[in-house]
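Undergrad: To be precise about what I am sending: the file is called work-v2.cif and holds mmCIF, C-alpha atoms.
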data_query
#
loop_
_atom_site.group_PDB
_atom_site.id
_atom_site.type_symbol
_atom_site.label_atom_id
_atom_site.label_comp_id
_atom_site.auth_asym_id
_atom_site.auth_seq_id
_atom_site.Cartn_x
_atom_site.Cartn_y
_atom_site.Cartn_z
ATOM 1 C CA MET Z 2 4.880 19.230 0.630
ATOM 2 C CA LEU Z 3 2.848 17.810 3.469
ATOM 3 C CA ASP Z 4 -0.154 15.649 2.754
ATOM 4 C CA ASP Z 5 -3.134 15.077 5.018
ATOM 5 C CA THR Z 6 -1.492 12.092 6.718
ATOM 6 C CA ASP Z 7 1.597 14.154 7.563
ATOM 7 C CA ARG Z 8 -0.563 16.918 8.996
ATOM 8 C CA ARG Z 9 -2.594 14.452 11.037
ATOM 9 C CA ILE Z 10 0.583 12.911 12.463
ATOM 10 C CA LEU Z 11 2.035 16.332 13.304
ATOM 11 C CA ARG Z 12 -1.117 17.519 15.010
ATOM 12 C CA HIS Z 13 -1.300 14.437 17.193
ATOM 13 C CA LEU Z 14 2.426 14.706 17.910
ATOM 14 C CA LEU Z 15 2.036 18.347 18.987
ATOM 15 C CA ALA Z 16 -1.019 17.582 21.092
ATOM 16 C CA GLU Z 17 0.807 14.797 22.938
ATOM 17 C CA PRO Z 18 4.539 14.991 22.316
ATOM 18 C CA ASP Z 19 5.259 12.368 24.981
ATOM 19 C CA ALA Z 20 2.929 9.691 23.636
ATOM 20 C CA PRO Z 21 4.683 6.475 22.572
ATOM 21 C CA ASN Z 22 4.929 5.909 18.819
ATOM 22 C CA ALA Z 23 2.419 3.049 18.894
ATOM 23 C CA ALA Z 24 -0.231 5.292 20.484
ATOM 24 C CA LEU Z 25 0.595 8.113 18.089
ATOM 25 C CA ALA Z 26 0.244 5.756 15.108
ATOM 26 C CA GLU Z 27 -3.131 4.560 16.331
ATOM 27 C CA ARG Z 28 -4.449 8.093 16.827
ATOM 28 C CA ALA Z 29 -3.223 9.172 13.408
ATOM 29 C CA GLY Z 30 -4.712 6.041 11.839
ATOM 30 C CA VAL Z 31 -1.474 4.669 10.372
ATOM 31 C CA THR Z 32 0.711 1.637 11.054
ATOM 32 C CA THR Z 33 3.768 2.054 13.279
ATOM 33 C CA ALA Z 34 5.999 1.387 10.262
ATOM 34 C CA THR Z 35 4.311 4.167 8.290
ATOM 35 C CA LEU Z 36 4.609 6.481 11.280
ATOM 36 C CA TRP Z 37 8.352 5.856 11.518
ATOM 37 C CA ARG Z 38 8.832 6.472 7.818
ATOM 38 C CA ARG Z 39 6.740 9.638 7.862
ATOM 39 C CA LEU Z 40 8.399 11.065 10.985
ATOM 40 C CA ASP Z 41 11.785 10.358 9.482
ATOM 41 C CA ARG Z 42 10.859 12.189 6.297
ATOM 42 C CA LEU Z 43 9.321 15.106 8.186
ATOM 43 C CA ARG Z 44 12.615 15.520 10.013
ATOM 44 C CA GLN Z 45 14.641 15.226 6.799
ATOM 45 C CA THR Z 46 12.577 17.900 5.069
ATOM 46 C CA GLY Z 47 12.692 20.216 8.093
ATOM 47 C CA ALA Z 48 8.954 20.275 8.839
ATOM 48 C CA ILE Z 49 10.028 18.915 12.239
ATOM 49 C CA ARG Z 50 12.990 21.130 13.076
ATOM 50 C CA ALA Z 51 13.943 19.365 16.291
ATOM 51 C CA ILE Z 52 12.632 17.287 19.156
ATOM 52 C CA ARG Z 53 14.188 18.439 22.381
ATOM 53 C CA PRO Z 54 13.706 17.556 26.037
ATOM 54 C CA ARG Z 55 11.479 19.769 28.147
ATOM 55 C CA ILE Z 56 13.551 20.470 31.245
ATOM 56 C CA ASP Z 57 11.794 21.418 34.476
ATOM 57 C CA TRP Z 58 14.278 23.972 35.782
ATOM 58 C CA ARG Z 59 12.579 24.188 39.168
ATOM 59 C CA LYS Z 60 13.600 20.608 39.788
ATOM 60 C CA LEU Z 61 17.199 21.731 39.255
ATOM 61 C CA GLY Z 62 16.785 24.558 41.744
ATOM 62 C CA TYR Z 63 15.894 27.441 39.412
ATOM 63 C CA GLU Z 64 12.992 29.089 41.215
ATOM 64 C CA VAL Z 65 12.877 32.396 39.339
ATOM 65 C CA GLU Z 66 11.774 32.923 35.741
ATOM 66 C CA VAL Z 67 11.683 36.352 34.143
ATOM 67 C CA SER Z 68 10.309 37.415 30.791
ATOM 68 C CA LEU Z 69 12.448 40.333 29.609
ATOM 69 C CA ARG Z 70 11.244 42.542 26.792
ATOM 70 C CA PHE Z 71 13.620 44.782 24.858
ATOM 71 C CA THR Z 72 13.335 47.628 22.418
ATOM 72 C CA LEU Z 73 16.561 48.090 20.485
ATOM 73 C CA ASP Z 74 18.240 51.184 19.133
ATOM 74 C CA LYS Z 75 17.608 50.550 15.447
ATOM 75 C CA SER Z 76 19.942 53.305 14.245
ATOM 76 C CA ASN Z 77 22.639 50.631 14.095
ATOM 77 C CA PRO Z 78 21.871 48.129 11.299
ATOM 78 C CA ARG Z 79 23.784 45.399 13.165
ATOM 79 C CA ALA Z 80 21.772 45.865 16.358
ATOM 80 C CA PHE Z 81 19.566 42.767 15.880
ATOM 81 C CA ASP Z 82 22.441 40.424 15.028
ATOM 82 C CA GLU Z 83 24.709 41.678 17.774
ATOM 83 C CA PHE Z 84 21.959 41.579 20.386
ATOM 84 C CA THR Z 85 21.056 37.992 19.419
ATOM 85 C CA ALA Z 86 24.697 36.878 19.479
ATOM 86 C CA ALA Z 87 25.210 38.395 22.930
ATOM 87 C CA ALA Z 88 21.964 36.904 24.300
ATOM 88 C CA ARG Z 89 23.091 33.430 23.150
ATOM 89 C CA GLN Z 90 26.169 33.806 25.357
ATOM 90 C CA VAL Z 91 24.026 34.074 28.502
ATOM 91 C CA ALA Z 92 23.634 30.507 29.797
ATOM 92 C CA GLU Z 93 20.510 31.350 31.823
ATOM 93 C CA VAL Z 94 18.610 32.439 28.701
ATOM 94 C CA THR Z 95 16.228 29.646 27.685
ATOM 95 C CA GLU Z 96 14.240 31.373 24.917
ATOM 96 C CA ILE Z 97 14.936 34.144 22.420
ATOM 97 C CA GLN Z 98 12.103 35.557 20.314
ATOM 98 C CA SER Z 99 12.085 38.503 17.954
ATOM 99 C CA PHE Z 100 8.946 40.497 17.147
ATOM 100 C CA LEU Z 101 7.239 42.906 14.895
ATOM 101 C CA GLY Z 102 5.635 45.450 17.188
ATOM 102 C CA SER Z 103 6.524 47.766 20.008
ATOM 103 C CA VAL Z 104 8.833 45.083 21.428
ATOM 104 C CA ASP Z 105 11.837 43.891 19.386
ATOM 105 C CA PHE Z 106 13.040 40.974 21.500
ATOM 106 C CA ARG Z 107 11.935 38.824 24.366
ATOM 107 C CA LEU Z 108 14.194 36.637 26.485
ATOM 108 C CA SER Z 109 13.189 34.024 29.026
ATOM 109 C CA VAL Z 110 15.780 34.040 31.774
ATOM 110 C CA ILE Z 111 15.949 31.681 34.738
ATOM 111 C CA ALA Z 112 17.723 32.145 38.071
ATOM 112 C CA ARG Z 113 18.086 30.183 41.277
ATOM 113 C CA ASP Z 114 16.699 32.919 43.523
ATOM 114 C CA MET Z 115 16.303 36.686 43.635
ATOM 115 C CA ALA Z 116 19.936 37.261 44.610
ATOM 116 C CA HIS Z 117 21.059 35.153 41.652
ATOM 117 C CA TRP Z 118 18.607 36.994 39.404
ATOM 118 C CA GLN Z 119 20.023 40.344 40.508
ATOM 119 C CA GLN Z 120 23.532 39.121 39.708
ATOM 120 C CA ILE Z 121 22.524 37.883 36.233
ATOM 121 C CA TYR Z 122 20.621 41.099 35.586
ATOM 122 C CA ARG Z 123 23.539 43.347 36.516
ATOM 123 C CA GLU Z 124 26.328 41.355 34.932
ATOM 124 C CA LYS Z 125 24.738 39.788 31.860
ATOM 125 C CA ILE Z 126 21.497 41.580 30.968
ATOM 126 C CA LEU Z 127 22.313 45.250 31.510
ATOM 127 C CA THR Z 128 25.436 44.716 29.414
ATOM 128 C CA LEU Z 129 23.532 43.452 26.325
ATOM 129 C CA PRO Z 130 24.249 45.718 23.332
ATOM 130 C CA HIS Z 131 21.973 48.235 21.543
ATOM 131 C CA VAL Z 132 19.190 48.201 24.164
ATOM 132 C CA ALA Z 133 17.078 51.371 24.080
ATOM 133 C CA ASP Z 134 14.436 50.225 26.555
ATOM 134 C CA SER Z 135 13.530 47.103 28.514
ATOM 135 C CA ASP Z 136 11.017 45.844 31.013
ATOM 136 C CA ALA Z 137 10.615 42.690 33.028
ATOM 137 C CA LEU Z 138 7.686 40.423 33.797
ATOM 138 C CA MET Z 139 8.256 38.104 36.746
ATOM 139 C CA MET Z 140 6.638 34.701 36.323
ATOM 140 C CA VAL Z 141 4.150 33.809 39.036
ATOM 141 C CA SER Z 142 2.703 30.632 37.569
ATOM 142 C CA THR Z 143 2.065 28.843 34.312
ATOM 143 C CA VAL Z 144 -1.671 28.377 33.921
ATOM 144 C CA LYS Z 145 -1.583 26.629 30.555
ATOM 145 C CA GLU Z 146 1.164 25.266 28.351
ATOM 146 C CA THR Z 147 0.567 23.237 25.237
ATOM 147 C CA GLN Z 148 2.328 22.888 21.913
ATOM 148 C CA GLY Z 149 -0.867 21.777 20.218
ATOM 149 C CA VAL Z 150 -2.633 23.666 17.450
ATOM 150 C CA PRO Z 151 -6.427 23.763 17.072
ATOM 151 C CA ILE Z 152 -7.815 21.114 14.744
ATOM 152 C CA MET R 27 10.358 20.880 46.611
ATOM 153 C CA ASN R 28 13.227 18.447 46.377
ATOM 154 C CA VAL R 29 16.010 19.817 44.243
ATOM 155 C CA PHE R 30 17.874 17.349 42.079
ATOM 156 C CA ALA R 31 21.628 17.969 42.205
ATOM 157 C CA PRO R 32 23.039 16.846 38.858
ATOM 158 C CA ASP R 33 26.680 15.888 38.571
ATOM 159 C CA ALA R 34 28.871 16.644 35.557
ATOM 160 C CA THR R 35 27.796 13.414 33.827
ATOM 161 C CA ASP R 36 24.079 14.194 34.272
ATOM 162 C CA LEU R 37 24.672 17.646 32.787
ATOM 163 C CA ALA R 38 26.608 16.160 29.864
ATOM 164 C CA ILE R 39 23.696 13.795 29.163
ATOM 165 C CA LEU R 40 21.199 16.670 29.339
ATOM 166 C CA ARG R 41 23.349 18.733 26.969
ATOM 167 C CA GLN R 42 23.529 15.836 24.550
ATOM 168 C CA LEU R 43 19.758 15.233 24.804
ATOM 169 C CA SER R 44 19.103 18.946 24.252
ATOM 170 C CA GLN R 45 20.394 18.566 20.709
ATOM 171 C CA ASP R 46 17.982 15.732 19.963
ATOM 172 C CA ALA R 47 15.694 14.116 22.511
ATOM 173 C CA THR R 48 15.051 11.092 20.289
ATOM 174 C CA GLN R 49 18.589 9.781 20.803
ATOM 175 C CA GLY R 50 18.784 6.462 22.578
ATOM 176 C CA ALA R 51 21.012 5.653 25.540
ATOM 177 C CA ALA R 52 23.436 3.794 23.264
ATOM 178 C CA GLU R 53 23.874 6.787 20.972
ATOM 179 C CA ILE R 54 24.393 9.174 23.879
ATOM 180 C CA GLY R 55 26.805 6.726 25.484
ATOM 181 C CA ARG R 56 28.881 6.605 22.304
ATOM 182 C CA ALA R 57 28.981 10.405 22.066
ATOM 183 C CA LEU R 58 30.057 10.790 25.696
ATOM 184 C CA GLY R 59 32.208 7.696 26.072
ATOM 185 C CA LEU R 60 29.858 6.093 28.604
ATOM 186 C CA ALA R 61 28.357 2.629 28.811
ATOM 187 C CA GLN R 62 24.800 2.361 27.494
ATOM 188 C CA PRO R 63 23.279 0.916 30.725
ATOM 189 C CA ALA R 64 24.852 3.714 32.787
ATOM 190 C CA VAL R 65 23.328 6.343 30.480
ATOM 191 C CA TRP R 66 19.969 4.581 30.554
ATOM 192 C CA ARG R 67 19.983 4.536 34.387
ATOM 193 C CA ARG R 68 20.831 8.235 34.579
ATOM 194 C CA ILE R 69 18.145 9.236 32.065
ATOM 195 C CA ARG R 70 15.703 7.155 34.072
ATOM 196 C CA ARG R 71 16.759 8.947 37.265
ATOM 197 C CA LEU R 72 16.458 12.399 35.629
ATOM 198 C CA THR R 73 13.011 11.479 34.323
ATOM 199 C CA ASP R 74 11.813 10.040 37.653
ATOM 200 C CA ALA R 75 13.004 13.206 39.408
ATOM 201 C CA GLY R 76 10.952 15.251 36.931
ATOM 202 C CA VAL R 77 14.001 17.076 35.554
ATOM 203 C CA ILE R 78 13.220 15.683 32.105
ATOM 204 C CA ALA R 79 9.548 16.621 32.010
ATOM 205 C CA GLY R 80 8.803 15.512 28.468
ATOM 206 C CA ARG R 81 9.524 16.497 24.922
ATOM 207 C CA ARG R 82 9.154 19.665 22.951
ATOM 208 C CA VAL R 83 8.522 19.368 19.239
ATOM 209 C CA GLU R 84 9.955 22.277 17.293
ATOM 210 C CA LEU R 85 7.948 22.540 14.147
ATOM 211 C CA ASP R 86 7.752 24.632 11.055
ATOM 212 C CA HIS R 87 4.266 25.814 12.045
ATOM 213 C CA ALA R 88 3.713 27.426 8.658
ATOM 214 C CA ALA R 89 3.906 23.948 7.112
ATOM 215 C CA LEU R 90 0.938 23.004 9.273
ATOM 216 C CA GLY R 91 -1.055 26.065 8.230
ATOM 217 C CA PHE R 92 -0.374 28.031 11.414
ATOM 218 C CA GLY R 93 1.974 30.704 10.154
ATOM 219 C CA VAL R 94 1.371 33.358 12.805
ATOM 220 C CA THR R 95 2.403 33.354 16.460
ATOM 221 C CA VAL R 96 1.479 36.362 18.596
ATOM 222 C CA PHE R 97 2.504 37.140 22.159
ATOM 223 C CA LEU R 98 -0.056 39.107 24.131
ATOM 224 C CA GLY R 99 0.367 41.083 27.308
ATOM 225 C CA ILE R 100 -2.935 41.473 29.139
ATOM 226 C CA ARG R 101 -3.715 43.805 31.977
ATOM 227 C CA LEU R 102 -6.962 43.130 33.791
ATOM 228 C CA ALA R 103 -9.330 46.073 34.149
ATOM 229 C CA ALA R 104 -9.041 47.720 37.545
ATOM 230 C CA LYS R 105 -12.730 48.522 37.761
ATOM 231 C CA GLY R 106 -15.069 45.739 38.856
ATOM 232 C CA ARG R 107 -12.069 43.437 38.904
ATOM 233 C CA ALA R 108 -13.225 40.033 37.749
ATOM 234 C CA SER R 109 -11.775 37.126 39.649
ATOM 235 C CA LEU R 110 -8.511 35.681 38.396
ATOM 236 C CA ASP R 111 -10.161 32.264 38.405
ATOM 237 C CA ASP R 112 -12.864 33.385 35.970
ATOM 238 C CA PHE R 113 -10.299 34.923 33.644
ATOM 239 C CA GLU R 114 -8.029 31.891 33.785
ATOM 240 C CA ARG R 115 -10.867 29.442 33.211
ATOM 241 C CA ALA R 116 -12.046 31.351 30.143
ATOM 242 C CA VAL R 117 -8.632 32.012 28.627
ATOM 243 C CA THR R 118 -7.343 28.450 28.978
ATOM 244 C CA ALA R 119 -10.438 27.170 27.129
ATOM 245 C CA ILE R 120 -9.463 29.032 23.942
ATOM 246 C CA PRO R 121 -7.848 26.425 21.663
ATOM 247 C CA GLU R 122 -5.593 28.941 19.887
ATOM 248 C CA VAL R 123 -4.073 29.999 23.221
ATOM 249 C CA GLN R 124 -1.004 27.805 23.744
ATOM 250 C CA VAL R 125 0.549 29.434 26.785
ATOM 251 C CA VAL R 126 -0.958 31.384 29.673
ATOM 252 C CA GLN R 127 1.349 32.729 32.338
ATOM 253 C CA HIS R 128 0.374 34.767 35.359
ATOM 254 C CA VAL R 129 3.059 37.442 35.697
ATOM 255 C CA LEU R 130 4.028 40.438 37.820
ATOM 256 C CA GLY R 131 4.918 43.698 36.131
ATOM 257 C CA GLN R 132 3.409 45.877 33.470
ATOM 258 C CA PHE R 133 0.896 43.117 32.651
ATOM 259 C CA ASP R 134 -1.020 40.531 34.665
ATOM 260 C CA TYR R 135 -0.895 37.739 32.089
ATOM 261 C CA ARG R 136 1.167 36.838 29.083
ATOM 262 C CA LEU R 137 -0.297 34.673 26.330
ATOM 263 C CA ARG R 138 1.080 32.845 23.336
ATOM 264 C CA ILE R 139 -1.398 32.505 20.508
ATOM 265 C CA THR R 140 -1.160 30.489 17.301
ATOM 266 C CA ALA R 141 -3.168 31.557 14.255
ATOM 267 C CA ARG R 142 -3.405 30.642 10.586
ATOM 268 C CA ASP R 143 -2.723 34.174 9.408
ATOM 269 C CA ILE R 144 -3.217 37.786 10.485
ATOM 270 C CA PRO R 145 -6.974 37.883 9.692
ATOM 271 C CA ASP R 146 -7.376 34.686 11.736
ATOM 272 C CA PHE R 147 -5.480 36.340 14.593
ATOM 273 C CA GLU R 148 -7.706 39.402 14.355
ATOM 274 C CA ARG R 149 -10.760 37.174 14.652
ATOM 275 C CA ILE R 150 -9.318 35.464 17.757
ATOM 276 C CA LEU R 151 -8.405 38.814 19.285
ATOM 277 C CA ARG R 152 -11.817 40.383 18.708
ATOM 278 C CA ARG R 153 -14.091 37.438 19.393
ATOM 279 C CA ARG R 154 -12.148 35.512 22.019
ATOM 280 C CA ILE R 155 -9.635 37.742 23.784
ATOM 281 C CA MET R 156 -11.393 41.117 23.980
ATOM 282 C CA THR R 157 -14.499 39.369 25.320
ATOM 283 C CA LEU R 158 -12.676 37.662 28.216
ATOM 284 C CA PRO R 159 -14.027 38.542 31.676
ATOM 285 C CA GLY R 160 -12.104 41.436 33.214
ATOM 286 C CA VAL R 161 -9.797 42.064 30.270
ATOM 287 C CA GLY R 162 -8.345 45.571 30.178
ATOM 288 C CA GLN R 163 -5.311 46.733 28.262
ATOM 289 C CA VAL R 164 -3.963 44.329 25.616
ATOM 290 C CA GLU R 165 -0.615 44.563 23.846
ATOM 291 C CA ALA R 166 0.166 42.339 20.862
ATOM 292 C CA ASN R 167 3.536 41.520 19.335
ATOM 293 C CA VAL R 168 3.786 39.305 16.265
ATOM 294 C CA MET R 169 6.647 36.819 16.531
ATOM 295 C CA LEU R 170 9.211 36.892 13.721
ATOM 296 C CA SER R 171 11.665 34.266 14.921
ATOM 297 C CA GLU R 172 12.201 31.954 17.855
ATOM 298 C CA GLU R 173 15.176 30.144 19.264
ATOM 299 C CA ARG R 174 15.133 27.755 22.210
ATOM 300 C CA ARG R 175 18.405 27.646 24.117
ATOM 301 C CA PRO R 176 19.652 24.628 26.110
ATOM 302 C CA GLY R 177 19.867 26.732 29.291
ATOM 303 C CA PRO R 178 22.453 26.563 32.083
ATOM 304 C CA LEU R 179 23.677 22.988 31.579
ATOM 305 C CA SER R 180 27.386 23.745 31.625
ATOM 306 C CA PRO R 181 29.291 22.336 34.614
ATOM 307 C CA LEU R 182 31.055 25.717 34.707
ATOM 308 C CA THR R 183 27.819 27.435 35.700
ATOM 309 C CA PRO R 184 28.266 28.089 39.430
ATOM 310 C CA LEU R 185 25.742 26.080 41.417
#
As C-alpha cells - that is how I would like this structure written.

TA:
Amino acid sequence: MLDDTDRRILRHLLAEPDAPNAALAERAGVTTATLWRRLDRLRQTGAIRAIRPRIDWRKLGYEVEVSLRFTLDKSNPRAFDEFTAAARQVAEVTEIQSFLGSVDFRLSVIARDMAHWQQIYREKILTLPHVADSDALMMVSTVKETQGVPI
Amino acid sequence: MNVFAPDATDLAILRQLSQDATQGAAEIGRALGLAQPAVWRRIRRLTDAGVIAGRRVELDHAALGFGVTVFLGIRLAAKGRASLDDFERAVTAIPEVQVVQHVLGQFDYRLRITARDIPDFERILRRRIMTLPGVGQVEANVMLSEERRPGPLSPLTPL
C-alpha cells in the first residue's frame, strides 16, 4: 500500500519526470536517500510500472502522426487478442489503447511523410484482423501534454 | 527542422533505453558490448539533438487514486465559431486534462482526461468540458488498457 509520502513523491515525479532526484526529494520533503529507497520500492511493487524515454519522433524525421480508432467485429471471441498481437507487430505503432465505448481500440501511428503513411496504411493497417470499422484523426499539433495528475 | 540521422548503434541504445530509461551508460554499454564513455557520448548527442526529449513515467494510476482515464473527441460548434485560441486557452487550464491535440478528421480536438472515478469524470465533463467556449459534439471513451510501444527503432525499418 502507498502512504502519503509515496503519493507525494509520485505526484511530483509525474508533474516533472525530468527533474533530478535531488530536486524531486526537496519538493517531496524527503532526503535523497529516502527518495531512492522509496522509488526503488515503488518500482518493486509495480506502482511505477516503467520509466521510459520520451522520444521526439519529429527529430528522427517522422513528420506525420495519426490517431486511428477501430471498432472490432466482436462475434469472434479472440478478436481483441488477435488485433492487439497484430498491432504490436507494426513498428510504427507507438501507443495501443483499448476502450469501453463506441471505440474498441486506438493506435498512434507515426510516418515519415504522407507517402510513407499511405504505404503503412495499405500494407500494415488495412490488414489488421477483425476490424469492423475505423477512422483516422490526423495530428495537427499538440497543445498540451503532461503526465501530471491534479493535486 | 534538422533531422537527426541515427546509426545502428544509436538505435540499439534507444531500444535499450526504451526498456528502462533509468539505466546508466555503463549498464547499457554492458548490454550492448560498448564502452561506457562511448554510450555516454551518444546519449548526450541524442539528448542535445532533442531525440530523447525526456522521460515518461508509467504508473499504476489507480494506486494514486486516479483510476479512470477517458479519451474525448471534441467537435467545435459550427455556429458562432469561437476562436481556437479561446478554446485552447480554456481547455489547457483544466488540471484533469493531460493531453490536448488539435486534429483533422471527425473531431477538431482529442483530449486525455484523468479522473478519480466515473462520478468524478462526470463532474469534469459537465462542469469543465461542456462549458468550454465553442464546444459542440463530444464523444467519450473510457480507457481499459494502455500499452506504449518502442516505435520504429529497428535498423531494419527502411529509412

Undergrad: Rounded to one decimal place, report the atom CA of Z:Leu14-atom CA of R:Gly93 distance in Å.

TA: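 The value is 17.8 Å.
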
Undergrad: Show me which bits of chain Z are within 6 Å of chain R, counting all atoms listed in the file, as a ChimeraX atom specification.

TA: /Z:18-19,48-57,60-62,92-102,138-147,151

Undergrad: Atoms to include: C-alpha atoms. Write the selected residues as a PDB file, in the coordinates of the input.

TA:
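Listing of part.pdb after writing:
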ATOM      1  CA  PRO Z  18       4.539  14.991  22.316  1.00  0.00           C
ATOM      2  CA  ASP Z  19       5.259  12.368  24.981  1.00  0.00           C
ATOM      3  CA  ALA Z  48       8.954  20.275   8.839  1.00  0.00           C
ATOM      4  CA  ILE Z  49      10.028  18.915  12.239  1.00  0.00           C
ATOM      5  CA  ARG Z  50      12.990  21.130  13.076  1.00  0.00           C
ATOM      6  CA  ALA Z  51      13.943  19.365  16.291  1.00  0.00           C
ATOM      7  CA  ILE Z  52      12.632  17.287  19.156  1.00  0.00           C
ATOM      8  CA  ARG Z  53      14.188  18.439  22.381  1.00  0.00           C
ATOM      9  CA  PRO Z  54      13.706  17.556  26.037  1.00  0.00           C
ATOM     10  CA  ARG Z  55      11.479  19.769  28.147  1.00  0.00           C
ATOM     11  CA  ILE Z  56      13.551  20.470  31.245  1.00  0.00           C
ATOM     12  CA  ASP Z  57      11.794  21.418  34.476  1.00  0.00           C
ATOM     13  CA  LYS Z  60      13.600  20.608  39.788  1.00  0.00           C
ATOM     14  CA  LEU Z  61      17.199  21.731  39.255  1.00  0.00           C
ATOM     15  CA  GLY Z  62      16.785  24.558  41.744  1.00  0.00           C
ATOM     16  CA  ALA Z  92      23.634  30.507  29.797  1.00  0.00           C
ATOM     17  CA  GLU Z  93      20.510  31.350  31.823  1.00  0.00           C
ATOM     18  CA  VAL Z  94      18.610  32.439  28.701  1.00  0.00           C
ATOM     19  CA  THR Z  95      16.228  29.646  27.685  1.00  0.00           C
ATOM     20  CA  GLU Z  96      14.240  31.373  24.917  1.00  0.00           C
ATOM     21  CA  ILE Z  97      14.936  34.144  22.420  1.00  0.00           C
ATOM     22  CA  GLN Z  98      12.103  35.557  20.314  1.00  0.00           C
ATOM     23  CA  SER Z  99      12.085  38.503  17.954  1.00  0.00           C
ATOM     24  CA  PHE Z 100       8.946  40.497  17.147  1.00  0.00           C
ATOM     25  CA  LEU Z 101       7.239  42.906  14.895  1.00  0.00           C
ATOM     26  CA  GLY Z 102       5.635  45.450  17.188  1.00  0.00           C
ATOM     27  CA  LEU Z 138       7.686  40.423  33.797  1.00  0.00           C
ATOM     28  CA  MET Z 139       8.256  38.104  36.746  1.00  0.00           C
ATOM     29  CA  MET Z 140       6.638  34.701  36.323  1.00  0.00           C
ATOM     30  CA  VAL Z 141       4.150  33.809  39.036  1.00  0.00           C
ATOM     31  CA  SER Z 142       2.703  30.632  37.569  1.00  0.00           C
ATOM     32  CA  THR Z 143       2.065  28.843  34.312  1.00  0.00           C
ATOM     33  CA  VAL Z 144      -1.671  28.377  33.921  1.00  0.00           C
ATOM     34  CA  LYS Z 145      -1.583  26.629  30.555  1.00  0.00           C
ATOM     35  CA  GLU Z 146       1.164  25.266  28.351  1.00  0.00           C
ATOM     36  CA  THR Z 147       0.567  23.237  25.237  1.00  0.00           C
ATOM     37  CA  PRO Z 151      -6.427  23.763  17.072  1.00  0.00           C
TER      38      PRO Z 151
END

Undergrad: So how far away is atom CA of Z:Pro21 from atom CA of Z:Arg9, in Å?

TA: 15.8 Å

Undergrad: Counting all atoms listed in the file, which residue out of Z:Ala88, Z:Glu124, Z:Ala29, Z:Asp136 sits closest to Z:Glu17?

TA: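 The shortest atom-to-atom distance to Z:Glu17 comes from Z:Ala29.
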
Undergrad: One decimal, Å: what's the distance from atom CA of Z:His13 over to atom CA of R:Asp146, could you say?

TA: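 Interatomic distance here is 21.8 Å.
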
Undergrad: I'd like the residues picked by the PyMOL selection byres ((chain R and resi 55) around 12) written out as a list in words, using the chain letters and numbers from the file.

TA: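 Evaluating the PyMOL selection byres ((chain R and resi 55) around 12) on this file yields Thr35, Asp36, Ala38, Ile39, Gln42, Leu43, Gln49, Gly50, Ala51, Ala52, Glu53, Ile54, Arg56, Ala57, Leu58, Gly59, Leu60, Ala61, Gln62, Pro63, Ala64, Val65, Trp66, Arg67, Arg68 and Ile69 of chain R.
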
Undergrad: Which one is closest to Z:Val104: Z:Thr46, Z:Asn22, Z:Thr6, Z:Thr72? Count only C-alpha atoms.

TA: Z:Thr72

Undergrad: I need the output of the PyMOL selection byres ((chain Z and resi 66) around 7) for this file as number ranges by chain; which residues are they?

TA: Z: 64-65, 67-68, 109-112, 139-140

Undergrad: Output C-alpha atoms for every residue in the selection just made, as a JSON list (two decimals), in the coordinates of the input.

TA:
[["chain", "number", "residue", "atom", "x", "y", "z"],
["Z", 64, "GLU", "CA", 12.99, 29.09, 41.22],
["Z", 65, "VAL", "CA", 12.88, 32.40, 39.34],
["Z", 67, "VAL", "CA", 11.68, 36.35, 34.14],
["Z", 68, "SER", "CA", 10.31, 37.42, 30.79],
["Z", 109, "SER", "CA", 13.19, 34.02, 29.03],
["Z", 110, "VAL", "CA", 15.78, 34.04, 31.77],
["Z", 111, "ILE", "CA", 15.95, 31.68, 34.74],
["Z", 112, "ALA", "CA", 17.72, 32.15, 38.07],
["Z", 139, "MET", "CA", 8.26, 38.10, 36.75],
["Z", 140, "MET", "CA", 6.64, 34.70, 36.32]]
